[in-house]
Amino acid sequence: MADEIRRNMALFPIGIVMKLTDLTARQIRYYEQHELIVPARTAGNQRLFSFNDVERLLEIKSLIEKGVNIAGIKQVMNPVSKESDDATIVSEQSEVKRRELSDAQLHRMLKQQLLEKRPGGQASMIQGQLTRFLNKR
């Protein structure tokens, strides 16, 4: 349970997510508009994304590259609501922790997530794409 909470913690601003996914801010907002992702919002209305959001965006990108349209993606991937377990969370504790994290620490957390196996012993199909980001540093 703790791992799922950690994967849903709001950590990444849109700029970092753009680098991780090679998507534009407009594309990310478009997928949010279609409820394929639900990033958390700070008090200042800034979007904050979780590891799960980044993974979903990479899955969406992969489907788009295969020629699947938004309607098809919505059928393949269930829309996320703000109340669902997959929604990114912002708690007082996670907000304090996020402010304390440097880019280097976020980078280490991302690397740790990539090295972990998913439930059932399978590696995420997105790990190769995120590893590309790690190798840029």
# chains A, B, ... in the order shown; residues from 1 in each chain; ligands from 1
>>> residues_around(residues="region 57-66 of chain A", least_positions_apart="6", cutoff="12 Å", atoms="only C-alpha atoms", output="ChimeraX atom specification")
/A:14,17-25,27-32,34-39,49-51,72-79,124-130
>>> write_last_selection(atoms="N, CA, C and O atoms", output="short mmCIF file (atom, residue, chain, number, x, y, z; two decimals), in the first residue's frame")
data_model
loop_
_atom_site.label_atom_id
_atom_site.label_comp_id
_atom_site.auth_asym_id
_atom_site.auth_seq_id
_atom_site.Cartn_x
_atom_site.Cartn_y
_atom_site.Cartn_z
N ILE A 14 5.12 20.45 -14.53
CA ILE A 14 4.91 20.12 -15.95
C ILE A 14 6.21 20.19 -16.75
O ILE A 14 6.40 19.42 -17.69
N VAL A 17 7.93 16.90 -16.45
CA VAL A 17 7.13 15.88 -17.14
C VAL A 17 7.32 16.01 -18.65
O VAL A 17 7.40 15.00 -19.36
N MET A 18 7.43 17.22 -19.14
CA MET A 18 7.67 17.43 -20.57
C MET A 18 9.00 16.79 -20.98
O MET A 18 9.10 16.15 -22.03
N LYS A 19 10.03 16.95 -20.15
CA LYS A 19 11.33 16.35 -20.45
C LYS A 19 11.28 14.83 -20.37
O LYS A 19 11.88 14.13 -21.17
N LEU A 20 10.57 14.31 -19.37
CA LEU A 20 10.48 12.86 -19.19
C LEU A 20 9.74 12.18 -20.32
O LEU A 20 10.06 11.05 -20.70
N THR A 21 8.72 12.83 -20.86
CA THR A 21 7.84 12.19 -21.84
C THR A 21 8.04 12.66 -23.27
O THR A 21 7.49 12.07 -24.19
N ASP A 22 8.78 13.73 -23.48
CA ASP A 22 8.92 14.36 -24.80
C ASP A 22 7.56 14.79 -25.36
O ASP A 22 7.34 14.76 -26.57
N LEU A 23 6.65 15.17 -24.48
CA LEU A 23 5.36 15.72 -24.88
C LEU A 23 5.39 17.22 -24.62
O LEU A 23 6.11 17.70 -23.75
N THR A 24 4.57 17.96 -25.36
CA THR A 24 4.46 19.40 -25.13
C THR A 24 3.47 19.65 -23.99
O THR A 24 2.65 18.79 -23.66
N ALA A 25 3.53 20.84 -23.45
CA ALA A 25 2.58 21.22 -22.40
C ALA A 25 1.16 21.15 -22.94
O ALA A 25 0.23 20.72 -22.25
N GLN A 27 -0.02 19.13 -25.27
CA GLN A 27 -0.45 17.73 -25.34
C GLN A 27 -0.84 17.21 -23.95
O GLN A 27 -1.86 16.54 -23.80
N ILE A 28 -0.04 17.54 -22.96
CA ILE A 28 -0.32 17.09 -21.60
C ILE A 28 -1.64 17.65 -21.11
O ILE A 28 -2.47 16.94 -20.53
N ARG A 29 -1.87 18.94 -21.34
CA ARG A 29 -3.14 19.56 -20.95
C ARG A 29 -4.32 18.93 -21.70
O ARG A 29 -5.41 18.76 -21.15
N TYR A 30 -4.11 18.58 -22.96
CA TYR A 30 -5.15 17.94 -23.77
C TYR A 30 -5.55 16.59 -23.17
O TYR A 30 -6.73 16.28 -23.05
N TYR A 31 -4.57 15.80 -22.77
CA TYR A 31 -4.86 14.50 -22.16
C TYR A 31 -5.53 14.68 -20.81
O TYR A 31 -6.40 13.89 -20.44
N GLU A 32 -5.19 15.73 -20.11
CA GLU A 32 -5.87 16.04 -18.85
C GLU A 32 -7.32 16.42 -19.12
O GLU A 32 -8.24 15.98 -18.41
N HIS A 34 -9.18 15.41 -21.42
CA HIS A 34 -9.93 14.20 -21.76
C HIS A 34 -9.92 13.18 -20.63
O HIS A 34 -10.30 12.02 -20.84
N GLU A 35 -9.51 13.61 -19.45
CA GLU A 35 -9.52 12.80 -18.22
C GLU A 35 -8.72 11.52 -18.33
O GLU A 35 -9.04 10.51 -17.69
N LEU A 36 -7.65 11.53 -19.12
CA LEU A 36 -6.76 10.39 -19.18
C LEU A 36 -5.73 10.46 -18.05
O LEU A 36 -5.15 9.43 -17.68
N ILE A 37 -5.47 11.66 -17.56
CA ILE A 37 -4.64 11.86 -16.38
C ILE A 37 -5.31 12.92 -15.52
O ILE A 37 -6.08 13.74 -16.03
N VAL A 38 -5.04 12.89 -14.24
CA VAL A 38 -5.57 13.90 -13.33
C VAL A 38 -4.44 14.35 -12.40
O VAL A 38 -4.27 13.79 -11.32
N PRO A 39 -3.65 15.33 -12.84
CA PRO A 39 -2.59 15.80 -11.96
C PRO A 39 -3.18 16.58 -10.78
O PRO A 39 -4.29 17.11 -10.87
N PHE A 49 2.56 16.31 -11.06
CA PHE A 49 2.34 14.97 -11.58
C PHE A 49 3.05 13.94 -10.73
O PHE A 49 4.07 14.20 -10.12
N SER A 50 2.50 12.73 -10.73
CA SER A 50 3.07 11.61 -9.98
C SER A 50 3.80 10.67 -10.94
O SER A 50 3.73 10.83 -12.17
N PHE A 51 4.46 9.66 -10.37
CA PHE A 51 5.07 8.63 -11.20
C PHE A 51 4.01 7.94 -12.06
O PHE A 51 4.24 7.65 -13.23
N GLY A 72 -10.03 5.71 -29.10
CA GLY A 72 -9.48 4.37 -28.88
C GLY A 72 -8.69 4.29 -27.58
O GLY A 72 -8.77 3.31 -26.85
N ILE A 73 -7.95 5.35 -27.29
CA ILE A 73 -7.17 5.39 -26.05
C ILE A 73 -8.10 5.38 -24.85
O ILE A 73 -7.84 4.69 -23.85
N LYS A 74 -9.21 6.10 -24.95
CA LYS A 74 -10.18 6.12 -23.85
C LYS A 74 -10.77 4.74 -23.61
O LYS A 74 -11.10 4.39 -22.49
N GLN A 75 -10.91 3.96 -24.67
CA GLN A 75 -11.44 2.61 -24.51
C GLN A 75 -10.39 1.68 -23.90
O GLN A 75 -10.71 0.80 -23.12
N VAL A 76 -9.14 1.87 -24.29
CA VAL A 76 -8.06 1.03 -23.78
C VAL A 76 -7.72 1.39 -22.33
O VAL A 76 -7.52 0.52 -21.49
N MET A 77 -7.66 2.68 -22.06
CA MET A 77 -7.29 3.17 -20.73
C MET A 77 -8.52 3.78 -20.07
O MET A 77 -9.16 4.65 -20.65
N ASN A 78 -8.84 3.34 -18.90
CA ASN A 78 -9.98 3.91 -18.20
C ASN A 78 -9.70 5.35 -17.83
O ASN A 78 -8.61 5.67 -17.36
N PRO A 79 -10.69 6.24 -18.03
CA PRO A 79 -10.52 7.62 -17.58
C PRO A 79 -10.29 7.64 -16.06
O PRO A 79 -10.75 6.77 -15.34
N SER A 124 7.93 -2.69 -15.90
CA SER A 124 7.01 -1.84 -16.64
C SER A 124 7.48 -1.69 -18.08
O SER A 124 8.67 -1.59 -18.35
N MET A 125 6.55 -1.68 -19.03
CA MET A 125 6.93 -1.51 -20.43
C MET A 125 7.45 -0.10 -20.71
O MET A 125 8.05 0.15 -21.73
N ILE A 126 7.25 0.81 -19.78
CA ILE A 126 7.64 2.19 -19.96
C ILE A 126 9.07 2.43 -19.45
O ILE A 126 9.66 3.45 -19.72
N GLN A 127 9.64 1.49 -18.75
CA GLN A 127 10.94 1.69 -18.12
C GLN A 127 12.02 2.10 -19.12
O GLN A 127 12.85 2.93 -18.81
N GLY A 128 12.02 1.53 -20.30
CA GLY A 128 13.02 1.88 -21.29
C GLY A 128 12.94 3.33 -21.70
O GLY A 128 13.97 3.99 -21.88
N GLN A 129 11.74 3.87 -21.83
CA GLN A 129 11.58 5.26 -22.21
C GLN A 129 12.04 6.19 -21.11
O GLN A 129 12.67 7.21 -21.37
N LEU A 130 11.75 5.86 -19.86
CA LEU A 130 12.19 6.70 -18.75
C LEU A 130 13.69 6.58 -18.52
O LEU A 130 14.34 7.54 -18.12
#
>>> closest_residue(among="A:Ala71, A:Arg26, A:Arg6, A:Phe12", to="Arg47 (chain A)", atoms="only C-alpha atoms")
A:Phe12
